Amino acid sequence: MSRLTERISESVLKRMHVASTEAADGVVHTDFTGPLGMRLLQIRTWRDLDKRIRCELSGPLRGVFADKVDAFLAIVNRLKIIAETDGKNIYNLYNPPMPSPAAMRPFERKLRTMAEGIVFPATSTLSVTPRCPCKCVHCSADRFVTPRRRELTTDELKRVVDQTLDLGVCTMIFTGGEPMVRADLPELIAHVDKTRAHTMIFTSGLLLTRKNIEKLAEAGLGSMNVSIDADTPEVHDDLRCVPGAFRKAMEGARRAREAGILTGISTYGCHESVTSGALEHLLEIARDEGFHEVTIFDCVPTGKFLSRPDVIMGRKDIKRIRALADKYNAAGHPMGVTAQAKANAYDGGGCFGGFAQFYMTCYGDIDPCDFNPVSFGNVCEEPLETIWRRLVAHPEFAPHCHSCRMQSGRYRAKYIEPIRDEETLPVRIERLPGDGTILPESAVSRPRHAVKVEAGKPLQ
């Protein structure tokens, strides 16, 4: 970087404003303006006739971002297109369509990172309720639920959405419990500025009635993942403790696709499903059903299985899952496969928790991810950005980790094993000895919400 560029970075980057707009011809213009409204950089982004994404840079700072844009395009243009909508490419269910104003927000995050020297999140997972019609034997959210606290109100959640967007997030995921139990879910989805973020839900699929799907589509829901735990109805229903759950989920997913909502399956890999062929059979079912994508999470010791590190898969199982993902992504059919075994690996993005994402419990606690039950604060007590900055400044999370922390023996020994079996999650970071600053539980501030969860009404 030249001396001129260094001077520009020091004096201007923190005061630069980034905004993206889409023209009638589908070209997205991303403008970087400095003090006094001077345009320092413009990135024009469009899809060519071969469905490849192209960018053209102009302005004094084009040299600063040229390599970053080239690297961005090199990654994007080798991805499989799993769907198209309004002349835009869909590469997976977790990111905005390309090109679009929301899809260009990573450059805004990169600018803030360059200016402030810390990372900002791209994805948020917001739990909106602990309530759920299922009683899954493997529930990852079970130990977060307590009758002593209440879920956030509609207005509180809208304020969190606004703060999340301001932090730089371009993908906002609503989860639970079962998020569709909340009657205001479409209102929350509609509140998200779609020029800034893509919206997604994780659902059991049990409440995907035609009327509910119409509400979600009208609210602008971008995609959904329907949780399917096994390749047979009998096993899935037993794991969910709900007769007919598999059938209802599949029927609801078909309705969602008919309404134009991008729809995937969320499942997990374990030694038994990998070696028996059940996991691949589920991929075949998803392909034949017309799902756009399947996400395969690793079997992570969390939630009800927090004290079960024995469920962590071995290297051979991880290799088999990676091979399955490669096989289906290279196939001629449009369905894609996203595997945690690849995404959180050294050749992927590493651990996203506290680096590219955060998780909020339905009570407002901010954790690195949905699997990591360690809290850095509560949005009812202080601003989200304050909590995020605390998280990324922590000795454990300041450096980027190249693999999933919740599957790391080192991390678990410091931050998970000290958690007592009877404790309600999450546990405040100050109470854990991992960074050498352990505090007694009585010294950790208590959340303000201590009201019994109200029953509420599901979507009708």
# chains A, B, ... in the order shown; residues from 1 in each chain; ligands from 1
>>> select_by_dssp(residues="region 43-254 of chain A", states="helix (DSSP H, G or I)", output="PyMOL selection string")
chain A and resi 62-76+102-116+142-144+154-167+179-181+185-191+210-219+233-240+245-254
>>> residues_around(residues="region 317-333 of chain A", least_positions_apart="6", cutoff="9 Å", atoms="only C-alpha atoms", output="list in words")
Leu79, Lys80, Ile82, Gly269, Cys270, His271, Val274, Thr275, Leu279, Glu280, Leu283, Arg287, Ile296, Asp298, Ala339, Gln340, Ala341 and Lys342 of chain A
>>> residues_around(residues="region 150-161 of chain A", least_positions_apart="6", cutoff="10 Å", atoms="only C-alpha atoms", output="JSON list (two decimals) with N, CA and C atoms, in the first residue's frame")
[["chain", "number", "residue", "atom", "x", "y", "z"],
["A", 124, "SER", "N", -26.33, -13.07, 11.41],
["A", 124, "SER", "CA", -26.87, -13.15, 12.77],
["A", 124, "SER", "C", -27.94, -14.24, 12.80],
["A", 126, "LEU", "N", -31.02, -15.10, 15.17],
["A", 126, "LEU", "CA", -31.81, -14.55, 16.26],
["A", 126, "LEU", "C", -32.91, -15.53, 16.66],
["A", 127, "SER", "N", -32.81, -16.05, 17.87],
["A", 127, "SER", "CA", -33.89, -16.89, 18.39],
["A", 127, "SER", "C", -35.02, -15.96, 18.87],
["A", 128, "VAL", "N", -36.23, -16.26, 18.45],
["A", 128, "VAL", "CA", -37.35, -15.39, 18.80],
["A", 128, "VAL", "C", -38.31, -16.02, 19.80],
["A", 129, "THR", "N", -38.13, -17.30, 20.10],
["A", 129, "THR", "CA", -39.01, -17.96, 21.07],
["A", 129, "THR", "C", -38.38, -19.28, 21.53],
["A", 130, "PRO", "N", -38.67, -19.69, 22.77],
["A", 130, "PRO", "CA", -38.22, -21.01, 23.21],
["A", 130, "PRO", "C", -39.26, -22.09, 22.92],
["A", 131, "ARG", "N", -40.45, -21.64, 22.52],
["A", 131, "ARG", "CA", -41.56, -22.58, 22.36],
["A", 131, "ARG", "C", -41.42, -23.39, 21.07],
["A", 167, "LEU", "N", -24.70, -3.03, 12.33],
["A", 167, "LEU", "CA", -23.41, -3.67, 12.62],
["A", 167, "LEU", "C", -22.78, -4.24, 11.36],
["A", 169, "VAL", "N", -24.47, -6.79, 9.23],
["A", 169, "VAL", "CA", -24.98, -8.10, 8.85],
["A", 169, "VAL", "C", -25.74, -8.04, 7.53],
["A", 172, "MET", "N", -29.81, -12.42, 7.88],
["A", 172, "MET", "CA", -30.46, -12.44, 9.18],
["A", 172, "MET", "C", -31.35, -13.68, 9.26],
["A", 182, "ARG", "N", -44.48, -17.79, 16.84],
["A", 182, "ARG", "CA", -44.74, -16.37, 17.07],
["A", 182, "ARG", "C", -45.59, -15.80, 15.94],
["A", 183, "ALA", "N", -46.73, -15.22, 16.30],
["A", 183, "ALA", "CA", -47.63, -14.64, 15.31],
["A", 183, "ALA", "C", -47.02, -13.43, 14.62],
["A", 184, "ASP", "N", -46.02, -12.80, 15.26],
["A", 184, "ASP", "CA", -45.42, -11.60, 14.68],
["A", 184, "ASP", "C", -44.21, -11.90, 13.81],
["A", 185, "LEU", "N", -43.94, -13.17, 13.51],
["A", 185, "LEU", "CA", -42.78, -13.50, 12.70],
["A", 185, "LEU", "C", -42.80, -12.80, 11.34],
["A", 187, "GLU", "N", -44.12, -10.00, 10.61],
["A", 187, "GLU", "CA", -43.86, -8.59, 10.88],
["A", 187, "GLU", "C", -42.37, -8.35, 11.11],
["A", 188, "LEU", "N", -41.70, -9.27, 11.80],
["A", 188, "LEU", "CA", -40.27, -9.14, 12.04],
["A", 188, "LEU", "C", -39.49, -9.27, 10.73],
["A", 189, "ILE", "N", -39.90, -10.22, 9.90],
["A", 189, "ILE", "CA", -39.23, -10.40, 8.61],
["A", 189, "ILE", "C", -39.43, -9.18, 7.73],
["A", 191, "HIS", "N", -39.81, -6.22, 8.66],
["A", 191, "HIS", "CA", -39.08, -5.08, 9.22],
["A", 191, "HIS", "C", -37.63, -5.01, 8.73],
["A", 192, "VAL", "N", -37.10, -6.14, 8.26],
["A", 192, "VAL", "CA", -35.71, -6.18, 7.78],
["A", 192, "VAL", "C", -35.64, -5.49, 6.42],
["A", 193, "ASP", "N", -34.75, -4.51, 6.30],
["A", 193, "ASP", "CA", -34.52, -3.82, 5.03],
["A", 193, "ASP", "C", -33.85, -4.80, 4.07],
["A", 360, "MET", "N", -28.21, -14.85, 19.09],
["A", 360, "MET", "CA", -28.91, -14.24, 20.21],
["A", 360, "MET", "C", -29.99, -15.20, 20.70],
["A", 361, "THR", "N", -30.01, -15.47, 22.01],
["A", 361, "THR", "CA", -31.07, -16.29, 22.57],
["A", 361, "THR", "C", -32.37, -15.49, 22.55],
["A", 362, "CYS", "N", -33.48, -16.16, 22.78],
["A", 362, "CYS", "CA", -34.78, -15.47, 22.78],
["A", 362, "CYS", "C", -34.92, -14.52, 23.96],
["A", 363, "TYR", "N", -33.96, -14.56, 24.87],
["A", 363, "TYR", "CA", -33.97, -13.66, 26.02],
["A", 363, "TYR", "C", -33.00, -12.48, 25.84],
["A", 364, "GLY", "N", -32.29, -12.46, 24.72],
["A", 364, "GLY", "CA", -31.41, -11.33, 24.42],
["A", 364, "GLY", "C", -29.93, -11.55, 24.69],
["A", 379, "VAL", "N", -28.70, -7.79, 25.15],
["A", 379, "VAL", "CA", -29.11, -6.58, 24.43],
["A", 379, "VAL", "C", -30.12, -5.75, 25.20],
["A", 380, "CYS", "N", -30.69, -6.30, 26.26],
["A", 380, "CYS", "CA", -31.61, -5.51, 27.09],
["A", 380, "CYS", "C", -30.84, -4.66, 28.11],
["A", 383, "PRO", "N", -26.04, -1.83, 24.28],
["A", 383, "PRO", "CA", -26.16, -1.93, 22.83],
["A", 383, "PRO", "C", -25.46, -3.16, 22.27],
["A", 384, "LEU", "N", -25.99, -3.68, 21.17],
["A", 384, "LEU", "CA", -25.43, -4.85, 20.53],
["A", 384, "LEU", "C", -23.97, -4.62, 20.13],
["A", 448, "ARG", "N", -32.17, -8.62, 33.14],
["A", 448, "ARG", "CA", -33.29, -7.89, 33.73],
["A", 448, "ARG", "C", -34.59, -8.67, 33.62],
["A", 449, "HIS", "N", -34.71, -9.47, 32.55],
["A", 449, "HIS", "CA", -35.96, -10.19, 32.36],
["A", 449, "HIS", "C", -36.04, -11.38, 33.30],
["A", 450, "ALA", "N", -37.01, -11.40, 34.16],
["A", 450, "ALA", "CA", -37.22, -12.53, 35.06],
["A", 450, "ALA", "C", -38.71, -12.80, 35.15],
["A", 451, "VAL", "N", -39.35, -12.82, 33.99],
["A", 451, "VAL", "CA", -40.80, -12.99, 33.91],
["A", 451, "VAL", "C", -41.10, -14.32, 33.24],
["A", 452, "LYS", "N", -42.07, -15.00, 33.71],
["A", 452, "LYS", "CA", -42.42, -16.29, 33.15],
["A", 452, "LYS", "C", -42.83, -16.15, 31.69],
["A", 453, "VAL", "N", -42.38, -17.09, 30.85],
["A", 453, "VAL", "CA", -42.70, -17.05, 29.42],
["A", 453, "VAL", "C", -44.19, -17.18, 29.23],
["A", 454, "GLU", "N", -44.76, -16.27, 28.45],
["A", 454, "GLU", "CA", -46.19, -16.34, 28.16],
["A", 454, "GLU", "C", -46.43, -17.31, 27.02]]
>>> residues_around(residues="Lys110 (chain A)", least_positions_apart="2", cutoff="12 Å", atoms="only C-alpha atoms", output="PyMOL selection string")
chain A and resi 13-14+18+64-65+68-69+72+104-108+112-122+168-169+356
>>> write_last_selection(atoms="C-alpha atoms", output="PDB file, in the first residue's frame")
ATOM      1  CA  LEU A  13     -11.730   5.383   6.031  1.00  0.00           C
ATOM      2  CA  LYS A  14     -13.462   5.877   9.390  1.00  0.00           C
ATOM      3  CA  VAL A  18     -21.044   3.091   1.692  1.00  0.00           C
ATOM      4  CA  VAL A  64      -6.997  -0.225  -2.662  1.00  0.00           C
ATOM      5  CA  PHE A  65      -9.937  -2.514  -3.425  1.00  0.00           C
ATOM      6  CA  LYS A  68     -10.180  -7.616  -2.917  1.00  0.00           C
ATOM      7  CA  VAL A  69     -12.754  -7.398  -5.702  1.00  0.00           C
ATOM      8  CA  PHE A  72     -14.283 -11.894  -4.390  1.00  0.00           C
ATOM      9  CA  MET A 104     -22.396  -5.996  -1.805  1.00  0.00           C
ATOM     10  CA  ARG A 105     -22.446  -5.284   1.936  1.00  0.00           C
ATOM     11  CA  PRO A 106     -19.356  -7.446   2.575  1.00  0.00           C
ATOM     12  CA  PHE A 107     -17.363  -4.582   1.031  1.00  0.00           C
ATOM     13  CA  GLU A 108     -18.827  -2.258   3.649  1.00  0.00           C
ATOM     14  CA  ARG A 112     -14.944  -1.025   8.581  1.00  0.00           C
ATOM     15  CA  THR A 113     -12.451  -3.787   9.305  1.00  0.00           C
ATOM     16  CA  MET A 114      -9.717  -1.846   7.525  1.00  0.00           C
ATOM     17  CA  ALA A 115     -10.646   1.335   9.396  1.00  0.00           C
ATOM     18  CA  GLU A 116     -11.082  -0.107  12.898  1.00  0.00           C
ATOM     19  CA  GLY A 117      -8.899  -3.197  12.935  1.00  0.00           C
ATOM     20  CA  ILE A 118     -11.635  -5.577  14.150  1.00  0.00           C
ATOM     21  CA  VAL A 119     -14.032  -7.874  12.290  1.00  0.00           C
ATOM     22  CA  PHE A 120     -17.767  -7.252  12.018  1.00  0.00           C
ATOM     23  CA  PRO A 121     -20.442  -9.943  11.582  1.00  0.00           C
ATOM     24  CA  ALA A 122     -21.958 -10.971   8.255  1.00  0.00           C
ATOM     25  CA  GLY A 168     -23.018  -4.848   9.015  1.00  0.00           C
ATOM     26  CA  VAL A 169     -24.981  -8.101   8.854  1.00  0.00           C
ATOM     27  CA  ALA A 356     -18.524 -13.708  10.935  1.00  0.00           C
TER      28      ALA A 356
END
>>> residues_around(residues="region 256-267 of chain A", least_positions_apart="3", cutoff="6 Å", atoms="only C-alpha atoms", output="count of residues only")
14
>>> residues_around(residues="Ala102 (chain A)", least_positions_apart="5", cutoff="9 Å", atoms="only C-alpha atoms", output="list of chain:residue names")
A:Ser20, A:Asn95, A:Pro96, A:Pro97, A:Cys170, A:Thr171, A:Lys194, A:Thr195, A:Arg196, A:Ala197, A:His198
>>> write_last_selection(atoms="N, CA, C and O atoms", output="compact mmCIF listing (two decimals), in the first residue's frame")
# COMPACT_ATOMS: atom_id res chain seq x y z
N SER A 20 -25.35 1.08 -1.57
CA SER A 20 -25.56 0.37 -2.84
C SER A 20 -26.98 0.57 -3.32
O SER A 20 -27.94 0.53 -2.53
N ASN A 95 -26.90 -16.62 1.69
CA ASN A 95 -26.40 -15.33 1.22
C ASN A 95 -27.39 -14.66 0.28
O ASN A 95 -28.20 -15.33 -0.37
N PRO A 96 -27.36 -13.34 0.20
CA PRO A 96 -28.28 -12.62 -0.69
C PRO A 96 -28.04 -12.99 -2.15
O PRO A 96 -26.94 -13.41 -2.53
N PRO A 97 -29.05 -12.83 -2.99
CA PRO A 97 -28.88 -13.05 -4.44
C PRO A 97 -27.77 -12.14 -4.98
O PRO A 97 -27.55 -11.05 -4.46
N CYS A 170 -25.49 -9.02 6.65
CA CYS A 170 -26.22 -9.09 5.38
C CYS A 170 -27.07 -10.35 5.28
O CYS A 170 -27.77 -10.54 4.27
N THR A 171 -27.04 -11.20 6.29
CA THR A 171 -27.93 -12.37 6.36
C THR A 171 -28.48 -12.47 7.77
O THR A 171 -27.71 -12.58 8.73
N LYS A 194 -34.58 -5.22 3.02
CA LYS A 194 -34.07 -6.26 2.12
C LYS A 194 -32.95 -5.75 1.22
O LYS A 194 -32.27 -6.56 0.57
N THR A 195 -32.74 -4.45 1.15
CA THR A 195 -31.59 -3.94 0.41
C THR A 195 -30.32 -4.07 1.25
O THR A 195 -29.22 -3.87 0.74
N ARG A 196 -30.49 -4.41 2.52
CA ARG A 196 -29.33 -4.54 3.41
C ARG A 196 -29.09 -5.98 3.86
O ARG A 196 -27.96 -6.33 4.20
N ALA A 197 -30.13 -6.81 3.88
CA ALA A 197 -29.94 -8.18 4.38
C ALA A 197 -30.96 -9.14 3.79
O ALA A 197 -32.12 -8.79 3.53
N HIS A 198 -30.49 -10.35 3.60
CA HIS A 198 -31.30 -11.50 3.20
C HIS A 198 -31.90 -12.10 4.47
O HIS A 198 -31.24 -12.16 5.51
>>> select_by_dssp(residues="region 318-428 of chain A", states="strand (DSSP E or B)", output="ChimeraX atom specification")
/A:336-339,353,357-360,365-367,369,372,374-375,378,427-428
>>> closest_residue(among="A:Cys351, A:Leu165, A:Val300, A:Ile366", to="Phe397 (chain A)", atoms="only C-alpha atoms")
A:Cys351
>>> residues_around(residues="Asp142 (chain A)", least_positions_apart="4", cutoff="10 Å", atoms="only C-alpha atoms", output="list in words")
Pro130, Arg131, Lys135, Cys136, Val137, His138, Thr146, Gly177, Thr302, Gly303, Lys304, Phe305, Thr424 and Leu425 of chain A
>>> closest_atom_pairs(of="region 278-373 of chain A", to="region 413-418 of chain A", cutoff="9 Å", atoms="only C-alpha atoms", output="JSON lines")
{"residue": "A:Leu306", "atom": "CA", "partner": "A:Ile416", "partner_atom": "CA", "distance": 8.0}
{"residue": "A:Ser307", "atom": "CA", "partner": "A:Glu417", "partner_atom": "CA", "distance": 7.5}
{"residue": "A:Asn372", "atom": "CA", "partner": "A:Ile416", "partner_atom": "CA", "distance": 8.7}
{"residue": "A:Pro373", "atom": "CA", "partner": "A:Ile416", "partner_atom": "CA", "distance": 8.1}
>>> write_last_selection(atoms="all heavy atoms", output="PDB file, in the first residue's frame")
ATOM      1  N   LEU A 306     -24.410 -31.468  25.533  1.00  0.00           N
ATOM      2  CA  LEU A 306     -23.263 -30.629  25.855  1.00  0.00           C
ATOM      3  C   LEU A 306     -22.149 -31.403  26.536  1.00  0.00           C
ATOM      4  O   LEU A 306     -20.961 -31.142  26.306  1.00  0.00           O
ATOM      5  CB  LEU A 306     -23.707 -29.456  26.745  1.00  0.00           C
ATOM      6  CG  LEU A 306     -22.634 -28.407  27.032  1.00  0.00           C
ATOM      7  CD1 LEU A 306     -22.221 -27.691  25.752  1.00  0.00           C
ATOM      8  CD2 LEU A 306     -23.119 -27.396  28.065  1.00  0.00           C
ATOM      9  N   SER A 307     -22.507 -32.349  27.382  1.00  0.00           N
ATOM     10  CA  SER A 307     -21.510 -33.134  28.115  1.00  0.00           C
ATOM     11  C   SER A 307     -21.204 -34.454  27.431  1.00  0.00           C
ATOM     12  O   SER A 307     -20.758 -35.408  28.079  1.00  0.00           O
ATOM     13  CB  SER A 307     -22.005 -33.394  29.551  1.00  0.00           C
ATOM     14  OG  SER A 307     -22.211 -32.182  30.233  1.00  0.00           O
ATOM     15  N   ASN A 372     -22.503 -22.598  20.745  1.00  0.00           N
ATOM     16  CA  ASN A 372     -21.530 -22.195  21.772  1.00  0.00           C
ATOM     17  C   ASN A 372     -22.247 -21.449  22.899  1.00  0.00           C
ATOM     18  O   ASN A 372     -22.596 -20.276  22.755  1.00  0.00           O
ATOM     19  CB  ASN A 372     -20.461 -21.304  21.130  1.00  0.00           C
ATOM     20  CG  ASN A 372     -19.213 -21.199  21.980  1.00  0.00           C
ATOM     21  OD1 ASN A 372     -19.263 -21.309  23.193  1.00  0.00           O
ATOM     22  ND2 ASN A 372     -18.082 -20.973  21.326  1.00  0.00           N
ATOM     23  N   PRO A 373     -22.480 -22.084  24.052  1.00  0.00           N
ATOM     24  CA  PRO A 373     -23.340 -21.524  25.101  1.00  0.00           C
ATOM     25  C   PRO A 373     -22.643 -20.570  26.057  1.00  0.00           C
ATOM     26  O   PRO A 373     -22.815 -20.628  27.275  1.00  0.00           O
ATOM     27  CB  PRO A 373     -23.814 -22.773  25.837  1.00  0.00           C
ATOM     28  CG  PRO A 373     -22.632 -23.684  25.779  1.00  0.00           C
ATOM     29  CD  PRO A 373     -21.994 -23.429  24.428  1.00  0.00           C
TER      30      PRO A 373
END
